[in-house]
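J.: Input: one structure, supplied below.
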Amino acid sequence: MADLETVSRLTAAGVGRALHAGEACPVALAEYLLAKAEGDVAPHAFIAVTRERALAQARAAKARIEAGRPASPLDGVPVALKDLIDLEGEITTAGSDLYRDTPPARADAPVAAALDRAGMVFVGKTNLTEFAFSGLGLNPHYGTPHNPHDRTTPRAPGGSSSGSAVAVAAGIVPCAIGTDTGGSVRVPSAFNGLTGYKSSEGRIDKRGVATLSATLDTLGPLARSVEDCVLLDAAMRGVAASGVVRRDAEDLHAFVPETYVLDDLEKAVAADFERALEALAAAGARIERGPCPIFEEIVAITAEHGGLSAAESYADHRALLEGPDAARIDRRVVARMMPGRTMSAQSLLTIQRARARLRGELAKLLDGRTVLMPTTPNVAPEIAPLEADDATFGRVNLRSLRNTLIGNFLDMPGVAMPAGTDAGGMPTSILLSGDAGTDEAVLGTAFGIERVFASL
């Protein structure tokens with residue numbers, strides 16, 4: 001039998017292969033990782049640890065594997081789920097103190113049920129920004145999980161899927177499930193040196209998942225490799241096999257937009273991004289650079305009319321925001337939702353019509369090319385200044401989300417991949433995206449060029 005710590009540090013796909021080869025026992029691995037989740041390896045990463053369910057799932061996986069009938073390549077592999085996702089018998093808090101004592105969910109969300117059918121082992125429900133509305137991951141109610149890449153200075157985990165990212169980066173689980181409305185899978189993946197995949201709208205069933213923006217909300221995994229994301233995409237959709245085909249670097253035709261997304265980059269982010277492009281070009285990729293006026297128009301529309309997420313989140317949470325319990329909501333979340341109160345019907349229609357038009361224009365501009373950009377302009381910021389001043393929080397939050405928000409506005413599937421580290425060891429990240437609905441092409445491209453980035 002292999003050492004459990006060694007197995008726990010493998011990719012999710014690697015854990016599956018080790019379990020199915022008899023190199024580790026699913027029950028023993030589950031026990032080992034549950035102890036980590038319940039301990040002090042990553043404080044505040046979990047809101048709830050689902051020990052009984054995890055052990056029952058692990059025992060069932062063990063029986064299937066020993067019988068030679070694993071449910072999927074991920075049978076027996078531990079996973080954590082963001083606490084927006086309903087699990088039968090568990091409270092869905094959405095990271096809010098207001099929901100701490102609500103009745104437990106009566107059924108699994110479809111995405112959780114699909115992962116259960118794939119044989120995955122649910123270690124617990126992870127922490128997040130309240131109502132999933134921030135890119136930094138701070139939470140005053142359940143604590144803020146610290147980014148494990150800096151052991152001396154507390155740094156932001158990224159949000160809103162903060163606990164999911166930290167649970168993977170800290171070695172508690174090999175993969176986790178998050179949601180992405182403006183960057184909430186890709187930003188924490190970038191801050192924690194992980195691979196994170198944002199799906200196109202409608203690709204993965206989001207019933208039974210607490211809503212921030214009914215239009216923009218998407219689901220996706222945070223993991224340790226593109227292969228993990230490919231397998232998890234199939235498992236989350238409940239399909240037996242993935243349609244993703246690996247594409248090598250020489251097949252990559254990429255577009256680097258020089259509008260907006262390359263502005264004001266931290267030195268290490270810019271250097272690592274350029275180094276990644278050079279490595280891709282050396283491996284045979286064709287890379288073109290140019291302006292992208294579509295991005296400028298998105299910025300102008302948002303500045304004039306507001307954000308769709310603010311309008312939809314205010315509508316969904318109006319009773320709380322206007323009621324006596326408003327003071328119990330994180331003030332920074334309230335500040336982001338309240339602009340939705342004054343948005344006009346004209347502004348909302350303008351945004352919706354612009355989205356439809358600009359998605360079509362993007363498809364024509366790209367003409368099959370993959371978009372490459374830094375996932376975030378910055379590495380994970382220190383927490384103390386964010387907690388000390390709301391204006392600083394707001395500025396850093398919007399900056400961290402700047403590039404990923406574009407992908408949600410245009411419904412672009414994307415894969416955030418590690419691109420290096422700064423002088424202090426904090427991860428940087430590169431984002432591969434495509435136009436709406438090209439998830440399998442984007443995943444296939446990321447799968448193929450991952451080996452190029454591994455040498456950076």
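Each chain in the structure tokens gets a letter, A, B, ..., in the order shown, and its residues are numbered from 1; ligands are numbered from 1 in order too.
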Please, which residues of segment 195-426 of chain A, numbered as in this document, come out strand (DSSP E) from DSSP, as an NGL selection string?
T.: :A and (195-198 or 218-223 or 253-257 or 286-290 or 370-374 or 414-421)
J.: Would you save the residues from that selection as a tab-separated table (two decimals), in the first residue's frame, using N, CA, C and O atoms?
T.:
chain	number	residue	atom	x	y	z
A	195	THR	N	-5.72	24.49	-11.04
A	195	THR	CA	-6.37	24.52	-12.35
A	195	THR	C	-7.88	24.59	-12.11
A	195	THR	O	-8.43	23.73	-11.42
A	196	GLY	N	-8.52	25.61	-12.65
A	196	GLY	CA	-9.95	25.79	-12.43
A	196	GLY	C	-10.68	25.98	-13.74
A	196	GLY	O	-10.19	26.70	-14.63
A	197	TYR	N	-11.83	25.36	-13.86
A	197	TYR	CA	-12.59	25.39	-15.11
A	197	TYR	C	-13.95	26.02	-14.89
A	197	TYR	O	-14.73	25.57	-14.05
A	198	LYS	N	-14.24	27.10	-15.64
A	198	LYS	CA	-15.56	27.72	-15.67
A	198	LYS	C	-16.29	27.22	-16.91
A	198	LYS	O	-15.83	27.38	-18.04
A	218	THR	N	-22.49	29.82	-13.00
A	218	THR	CA	-22.06	28.57	-13.61
A	218	THR	C	-21.37	27.72	-12.55
A	218	THR	O	-20.97	28.22	-11.50
A	219	LEU	N	-21.20	26.43	-12.84
A	219	LEU	CA	-20.51	25.52	-11.94
A	219	LEU	C	-19.21	25.05	-12.58
A	219	LEU	O	-19.09	24.99	-13.81
A	220	GLY	N	-18.25	24.69	-11.72
A	220	GLY	CA	-17.00	24.17	-12.26
A	220	GLY	C	-16.09	23.65	-11.16
A	220	GLY	O	-16.28	23.96	-9.98
A	221	PRO	N	-15.10	22.85	-11.53
A	221	PRO	CA	-14.18	22.26	-10.56
A	221	PRO	C	-12.92	23.10	-10.34
A	221	PRO	O	-12.49	23.84	-11.22
A	222	LEU	N	-12.34	22.93	-9.16
A	222	LEU	CA	-11.01	23.43	-8.84
A	222	LEU	C	-10.17	22.20	-8.55
A	222	LEU	O	-10.54	21.37	-7.70
A	223	ALA	N	-9.05	22.04	-9.24
A	223	ALA	CA	-8.33	20.78	-9.17
A	223	ALA	C	-6.83	21.00	-9.38
A	223	ALA	O	-6.34	22.14	-9.33
A	253	HIS	N	-4.12	27.97	-32.08
A	253	HIS	CA	-4.16	29.28	-32.72
A	253	HIS	C	-4.78	30.22	-31.69
A	253	HIS	O	-5.97	30.14	-31.40
A	254	ALA	N	-3.94	31.08	-31.12
A	254	ALA	CA	-4.36	31.87	-29.97
A	254	ALA	C	-4.42	33.36	-30.31
A	254	ALA	O	-3.69	33.86	-31.17
A	255	PHE	N	-5.27	34.05	-29.56
A	255	PHE	CA	-5.41	35.50	-29.67
A	255	PHE	C	-5.18	36.11	-28.29
A	255	PHE	O	-5.82	35.71	-27.31
A	256	VAL	N	-4.25	37.06	-28.22
A	256	VAL	CA	-3.97	37.78	-26.98
A	256	VAL	C	-4.56	39.18	-27.12
A	256	VAL	O	-4.05	40.00	-27.89
A	257	PRO	N	-5.66	39.47	-26.42
A	257	PRO	CA	-6.25	40.80	-26.51
A	257	PRO	C	-5.38	41.82	-25.80
A	257	PRO	O	-4.96	41.61	-24.67
A	286	ARG	N	0.60	29.14	-32.69
A	286	ARG	CA	0.52	30.40	-33.45
A	286	ARG	C	-0.21	31.41	-32.59
A	286	ARG	O	-1.38	31.20	-32.24
A	287	ILE	N	0.45	32.49	-32.23
A	287	ILE	CA	-0.11	33.46	-31.30
A	287	ILE	C	-0.18	34.82	-31.98
A	287	ILE	O	0.81	35.33	-32.49
A	288	GLU	N	-1.37	35.39	-31.98
A	288	GLU	CA	-1.59	36.71	-32.55
A	288	GLU	C	-2.04	37.66	-31.46
A	288	GLU	O	-2.75	37.27	-30.52
A	289	ARG	N	-1.64	38.91	-31.56
A	289	ARG	CA	-2.03	39.94	-30.61
A	289	ARG	C	-2.81	41.02	-31.34
A	289	ARG	O	-2.58	41.27	-32.53
A	290	GLY	N	-3.71	41.67	-30.63
A	290	GLY	CA	-4.45	42.75	-31.25
A	290	GLY	C	-5.47	43.36	-30.33
A	290	GLY	O	-5.71	42.87	-29.22
A	370	THR	N	-8.34	30.61	-29.66
A	370	THR	CA	-8.42	30.57	-28.20
A	370	THR	C	-7.88	31.88	-27.65
A	370	THR	O	-6.85	32.38	-28.11
A	371	VAL	N	-8.57	32.43	-26.66
A	371	VAL	CA	-8.13	33.66	-26.03
A	371	VAL	C	-7.17	33.33	-24.89
A	371	VAL	O	-7.43	32.45	-24.07
A	372	LEU	N	-6.05	34.05	-24.82
A	372	LEU	CA	-5.09	33.91	-23.74
A	372	LEU	C	-4.93	35.25	-23.04
A	372	LEU	O	-4.73	36.28	-23.71
A	373	MET	N	-4.98	35.24	-21.72
A	373	MET	CA	-4.76	36.45	-20.93
A	373	MET	C	-4.36	36.03	-19.51
A	373	MET	O	-4.55	34.87	-19.13
A	374	PRO	N	-3.80	36.93	-18.71
A	374	PRO	CA	-3.59	36.60	-17.31
A	374	PRO	C	-4.95	36.41	-16.63
A	374	PRO	O	-5.89	37.15	-16.89
A	414	GLY	N	-13.75	28.85	-19.66
A	414	GLY	CA	-12.34	29.16	-19.46
A	414	GLY	C	-11.66	28.20	-18.51
A	414	GLY	O	-12.30	27.64	-17.61
A	415	VAL	N	-10.37	28.03	-18.70
A	415	VAL	CA	-9.55	27.21	-17.82
A	415	VAL	C	-8.39	28.06	-17.31
A	415	VAL	O	-7.59	28.56	-18.11
A	416	ALA	N	-8.34	28.27	-16.00
A	416	ALA	CA	-7.22	28.96	-15.37
A	416	ALA	C	-6.15	27.94	-15.03
A	416	ALA	O	-6.44	26.90	-14.42
A	417	MET	N	-4.90	28.22	-15.41
A	417	MET	CA	-3.80	27.27	-15.22
A	417	MET	C	-2.61	27.97	-14.58
A	417	MET	O	-2.32	29.13	-14.90
A	418	PRO	N	-1.89	27.29	-13.68
A	418	PRO	CA	-0.71	27.90	-13.07
A	418	PRO	C	0.31	28.32	-14.11
A	418	PRO	O	0.59	27.59	-15.06
A	419	ALA	N	0.90	29.52	-13.92
A	419	ALA	CA	1.88	30.03	-14.87
A	419	ALA	C	3.22	30.35	-14.23
A	419	ALA	O	4.14	30.76	-14.92
A	420	GLY	N	3.33	30.17	-12.91
A	420	GLY	CA	4.57	30.48	-12.22
A	420	GLY	C	4.28	31.07	-10.86
A	420	GLY	O	3.17	30.96	-10.33
A	421	THR	N	5.29	31.71	-10.27
A	421	THR	CA	5.14	32.37	-8.97
A	421	THR	C	5.92	33.67	-8.97
A	421	THR	O	6.85	33.85	-9.77
J.: Can you tell me which residues surround Leu216 of chain A at a distance of at most 12 Å, considering only C-alpha atoms, apart from same-chain residues fewer than 4 positions away, and format the answer as a ChimeraX atom specification?
T.: /A:179-184,198-202,206,211-212,307-313,352,355,405-413
J.: Would you list the contacts of Val49 of chain A as a list in words, taking every protein, DNA or RNA residue within 9 Å and counting only C-alpha atoms, but skipping same-chain residues closer than 6 positions in sequence?
T.: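 Answer for this query is Leu34, Ala37, Glu38, Phe122, Val123, Gly124, Lys125 and Thr126 of chain A.
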J.: Output N, CA and C atoms for every residue in the selection just made, as a short mmCIF file (atom, residue, chain, number, x, y, z; two decimals), in the first residue's frame.
T.:
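Listed below is the output, result-v1.cif:
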data_model
loop_
_atom_site.label_atom_id
_atom_site.label_comp_id
_atom_site.auth_asym_id
_atom_site.auth_seq_id
_atom_site.Cartn_x
_atom_site.Cartn_y
_atom_site.Cartn_z
N LEU A 34 -10.57 13.05 6.16
CA LEU A 34 -11.57 13.59 7.10
C LEU A 34 -10.88 14.14 8.34
N ALA A 37 -9.57 17.46 7.41
CA ALA A 37 -10.64 18.45 7.29
C ALA A 37 -11.14 18.90 8.66
N GLU A 38 -11.13 17.99 9.62
CA GLU A 38 -11.60 18.31 10.97
C GLU A 38 -10.51 18.92 11.83
N PHE A 122 -17.78 12.51 -0.55
CA PHE A 122 -18.02 13.90 -0.15
C PHE A 122 -17.44 14.16 1.24
N VAL A 123 -16.28 14.82 1.27
CA VAL A 123 -15.62 15.10 2.55
C VAL A 123 -16.34 16.20 3.32
N GLY A 124 -16.89 17.17 2.62
CA GLY A 124 -17.60 18.23 3.33
C GLY A 124 -18.01 19.37 2.42
N LYS A 125 -18.58 20.40 3.06
CA LYS A 125 -19.05 21.60 2.38
C LYS A 125 -18.12 22.75 2.74
N THR A 126 -17.66 23.45 1.71
CA THR A 126 -16.60 24.43 1.91
C THR A 126 -17.11 25.86 2.05
#
J.: Which one is closest to Ala354 of chain A: A:Leu401, A:Ile301, A:Ala271, A:Met1? Count only C-alpha atoms.
T.: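 Nearest candidate to Ala354 of chain A out of A:Leu401, A:Ile301, A:Ala271, A:Met1: A:Ile301.
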J.: Show me, as a list in words, the residues that have an atom within 8 Å of segment 171-174 of chain A when counting only C-alpha atoms, minus same-chain residues fewer than 2 positions from it.
T.: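 Contacts, in chain order: Ser8, Arg9, Leu10, Thr11, Ala12, Val15, Leu33, Leu34, Lys36, Ala37, Val41, Val77, Pro78, Val79, Ala80, Val123, Ala167, Val168, Ala169, Ala176, Ala223 and Arg224 of chain A.
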J.: Produce a file of the selected residues containing N, CA, C and O atoms, as a compact mmCIF listing (two decimals), in the first residue's frame.
T.:
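Writing done, so here's result12.txt:
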# COMPACT_ATOMS: atom_id res chain seq x y z
N SER A 8 -2.71 11.35 -1.24
CA SER A 8 -3.59 12.52 -1.10
C SER A 8 -3.07 13.72 -1.88
O SER A 8 -3.84 14.64 -2.17
N ARG A 9 -1.79 13.74 -2.22
CA ARG A 9 -1.21 14.87 -2.95
C ARG A 9 -1.24 14.66 -4.46
O ARG A 9 -0.81 15.53 -5.22
N LEU A 10 -1.75 13.53 -4.92
CA LEU A 10 -1.87 13.28 -6.35
C LEU A 10 -3.01 14.11 -6.94
O LEU A 10 -3.84 14.67 -6.21
N THR A 11 -3.05 14.17 -8.25
CA THR A 11 -4.23 14.74 -8.90
C THR A 11 -5.43 13.85 -8.60
O THR A 11 -5.29 12.69 -8.17
N ALA A 12 -6.63 14.35 -8.85
CA ALA A 12 -7.83 13.53 -8.65
C ALA A 12 -7.77 12.30 -9.55
O ALA A 12 -8.11 11.19 -9.12
N VAL A 15 -5.31 9.92 -8.00
CA VAL A 15 -5.90 9.22 -6.84
C VAL A 15 -6.78 8.09 -7.33
O VAL A 15 -6.73 6.96 -6.80
N LEU A 33 -8.25 11.86 5.21
CA LEU A 33 -8.57 13.21 4.78
C LEU A 33 -9.66 13.85 5.64
O LEU A 33 -9.67 15.07 5.83
N LEU A 34 -10.57 13.05 6.16
CA LEU A 34 -11.57 13.59 7.10
C LEU A 34 -10.88 14.14 8.34
O LEU A 34 -11.27 15.20 8.87
N LYS A 36 -7.93 15.40 8.43
CA LYS A 36 -7.36 16.68 8.01
C LYS A 36 -8.42 17.79 7.98
O LYS A 36 -8.19 18.91 8.44
N ALA A 37 -9.57 17.46 7.41
CA ALA A 37 -10.64 18.45 7.29
C ALA A 37 -11.14 18.90 8.66
O ALA A 37 -11.52 20.07 8.84
N VAL A 41 -5.32 21.84 9.63
CA VAL A 41 -4.51 21.98 8.41
C VAL A 41 -4.86 23.26 7.66
O VAL A 41 -3.98 23.98 7.18
N VAL A 77 -12.73 8.73 -5.14
CA VAL A 77 -11.91 9.94 -5.02
C VAL A 77 -12.62 10.97 -4.14
O VAL A 77 -13.78 11.31 -4.39
N PRO A 78 -11.95 11.49 -3.12
CA PRO A 78 -12.56 12.50 -2.25
C PRO A 78 -12.76 13.82 -2.98
O PRO A 78 -11.96 14.22 -3.83
N VAL A 79 -13.82 14.52 -2.61
CA VAL A 79 -14.15 15.81 -3.19
C VAL A 79 -14.84 16.65 -2.12
O VAL A 79 -15.47 16.12 -1.21
N ALA A 80 -14.71 17.96 -2.23
CA ALA A 80 -15.44 18.89 -1.36
C ALA A 80 -16.36 19.73 -2.24
O ALA A 80 -16.05 19.99 -3.41
N VAL A 123 -16.28 14.82 1.27
CA VAL A 123 -15.62 15.10 2.55
C VAL A 123 -16.34 16.20 3.32
O VAL A 123 -16.40 16.17 4.55
N ALA A 167 -8.96 24.07 0.37
CA ALA A 167 -9.02 22.64 0.69
C ALA A 167 -8.16 21.82 -0.27
O ALA A 167 -7.52 20.85 0.13
N VAL A 168 -8.14 22.21 -1.53
CA VAL A 168 -7.31 21.50 -2.51
C VAL A 168 -5.84 21.90 -2.35
O VAL A 168 -4.96 21.04 -2.30
N ALA A 169 -5.58 23.20 -2.25
CA ALA A 169 -4.20 23.68 -2.17
C ALA A 169 -3.50 23.19 -0.90
O ALA A 169 -2.28 22.97 -0.90
N ALA A 176 -12.28 19.96 -5.79
CA ALA A 176 -13.45 20.53 -5.14
C ALA A 176 -14.34 21.17 -6.20
O ALA A 176 -13.89 21.45 -7.32
N ALA A 223 -9.05 22.04 -9.24
CA ALA A 223 -8.33 20.78 -9.17
C ALA A 223 -6.83 21.00 -9.38
O ALA A 223 -6.34 22.14 -9.33
N ARG A 224 -6.12 19.89 -9.62
CA ARG A 224 -4.67 19.94 -9.74
C ARG A 224 -4.17 19.70 -11.15
O ARG A 224 -2.97 19.71 -11.38
J.: Could you name the residues that touch Ala326 of chain A at 12 Å or less, counting only C-alpha atoms, but leaving out those on the same chain fewer than 4 positions away, as JSON, numbers by chain?
T.: {"A": [96, 97, 98, 317, 318, 319, 320, 321, 322, 330, 331, 332, 333, 334, 335, 337, 338]}
J.: Please produce an output containing N, CA, C and O atoms for each residue in the selection, written as a PDB file, in the first residue's frame.
T.:
ATOM      1  N   SER A  96     -23.678  32.465   4.821  1.00  0.00           N
ATOM      2  CA  SER A  96     -24.377  33.530   5.539  1.00  0.00           C
ATOM      3  C   SER A  96     -24.782  33.095   6.936  1.00  0.00           C
ATOM      4  O   SER A  96     -25.261  31.975   7.138  1.00  0.00           O
ATOM      5  N   ASP A  97     -24.630  33.988   7.877  1.00  0.00           N
ATOM      6  CA  ASP A  97     -25.089  33.738   9.235  1.00  0.00           C
ATOM      7  C   ASP A  97     -26.604  33.581   9.284  1.00  0.00           C
ATOM      8  O   ASP A  97     -27.150  32.876  10.143  1.00  0.00           O
ATOM      9  N   LEU A  98     -27.291  34.210   8.340  1.00  0.00           N
ATOM     10  CA  LEU A  98     -28.754  34.161   8.323  1.00  0.00           C
ATOM     11  C   LEU A  98     -29.282  32.767   8.024  1.00  0.00           C
ATOM     12  O   LEU A  98     -30.414  32.442   8.380  1.00  0.00           O
ATOM     13  N   HIS A 317     -32.460  38.765  -3.169  1.00  0.00           N
ATOM     14  CA  HIS A 317     -32.209  38.954  -1.744  1.00  0.00           C
ATOM     15  C   HIS A 317     -32.872  40.213  -1.191  1.00  0.00           C
ATOM     16  O   HIS A 317     -32.548  40.664  -0.100  1.00  0.00           O
ATOM     17  N   ARG A 318     -33.812  40.741  -1.936  1.00  0.00           N
ATOM     18  CA  ARG A 318     -34.436  42.014  -1.549  1.00  0.00           C
ATOM     19  C   ARG A 318     -35.037  41.960  -0.152  1.00  0.00           C
ATOM     20  O   ARG A 318     -34.875  42.896   0.636  1.00  0.00           O
ATOM     21  N   ALA A 319     -35.748  40.888   0.159  1.00  0.00           N
ATOM     22  CA  ALA A 319     -36.402  40.811   1.471  1.00  0.00           C
ATOM     23  C   ALA A 319     -35.389  40.895   2.607  1.00  0.00           C
ATOM     24  O   ALA A 319     -35.656  41.514   3.652  1.00  0.00           O
ATOM     25  N   LEU A 320     -34.214  40.297   2.410  1.00  0.00           N
ATOM     26  CA  LEU A 320     -33.177  40.366   3.439  1.00  0.00           C
ATOM     27  C   LEU A 320     -32.536  41.748   3.479  1.00  0.00           C
ATOM     28  O   LEU A 320     -32.319  42.319   4.555  1.00  0.00           O
ATOM     29  N   LEU A 321     -32.223  42.282   2.304  1.00  0.00           N
ATOM     30  CA  LEU A 321     -31.542  43.570   2.237  1.00  0.00           C
ATOM     31  C   LEU A 321     -32.400  44.711   2.769  1.00  0.00           C
ATOM     32  O   LEU A 321     -31.879  45.688   3.321  1.00  0.00           O
ATOM     33  N   GLU A 322     -33.710  44.604   2.609  1.00  0.00           N
ATOM     34  CA  GLU A 322     -34.620  45.664   3.056  1.00  0.00           C
ATOM     35  C   GLU A 322     -35.249  45.354   4.409  1.00  0.00           C
ATOM     36  O   GLU A 322     -36.036  46.141   4.921  1.00  0.00           O
ATOM     37  N   ASP A 330     -22.723  40.664   5.590  1.00  0.00           N
ATOM     38  CA  ASP A 330     -21.432  41.305   5.370  1.00  0.00           C
ATOM     39  C   ASP A 330     -21.647  42.630   4.632  1.00  0.00           C
ATOM     40  O   ASP A 330     -22.207  42.672   3.532  1.00  0.00           O
ATOM     41  N   ARG A 331     -21.204  43.716   5.251  1.00  0.00           N
ATOM     42  CA  ARG A 331     -21.434  45.056   4.685  1.00  0.00           C
ATOM     43  C   ARG A 331     -20.867  45.192   3.272  1.00  0.00           C
ATOM     44  O   ARG A 331     -21.403  45.940   2.440  1.00  0.00           O
ATOM     45  N   ARG A 332     -19.780  44.469   2.985  1.00  0.00           N
ATOM     46  CA  ARG A 332     -19.159  44.563   1.661  1.00  0.00           C
ATOM     47  C   ARG A 332     -20.009  43.877   0.601  1.00  0.00           C
ATOM     48  O   ARG A 332     -20.032  44.281  -0.562  1.00  0.00           O
ATOM     49  N   VAL A 333     -20.729  42.839   1.011  1.00  0.00           N
ATOM     50  CA  VAL A 333     -21.651  42.165   0.101  1.00  0.00           C
ATOM     51  C   VAL A 333     -22.875  43.050  -0.142  1.00  0.00           C
ATOM     52  O   VAL A 333     -23.350  43.185  -1.278  1.00  0.00           O
ATOM     53  N   VAL A 334     -23.372  43.667   0.927  1.00  0.00           N
ATOM     54  CA  VAL A 334     -24.498  44.594   0.783  1.00  0.00           C
ATOM     55  C   VAL A 334     -24.140  45.709  -0.194  1.00  0.00           C
ATOM     56  O   VAL A 334     -24.942  46.081  -1.068  1.00  0.00           O
ATOM     57  N   ALA A 335     -22.925  46.239  -0.067  1.00  0.00           N
ATOM     58  CA  ALA A 335     -22.497  47.337  -0.935  1.00  0.00           C
ATOM     59  C   ALA A 335     -22.486  46.928  -2.398  1.00  0.00           C
ATOM     60  O   ALA A 335     -22.715  47.762  -3.286  1.00  0.00           O
ATOM     61  N   MET A 337     -24.506  44.523  -3.713  1.00  0.00           N
ATOM     62  CA  MET A 337     -25.863  44.195  -4.148  1.00  0.00           C
ATOM     63  C   MET A 337     -26.756  45.429  -4.308  1.00  0.00           C
ATOM     64  O   MET A 337     -27.599  45.472  -5.211  1.00  0.00           O
ATOM     65  N   MET A 338     -26.579  46.412  -3.447  1.00  0.00           N
ATOM     66  CA  MET A 338     -27.531  47.523  -3.392  1.00  0.00           C
ATOM     67  C   MET A 338     -27.631  48.349  -4.669  1.00  0.00           C
ATOM     68  O   MET A 338     -28.703  48.903  -4.951  1.00  0.00           O
TER      69      MET A 338
END
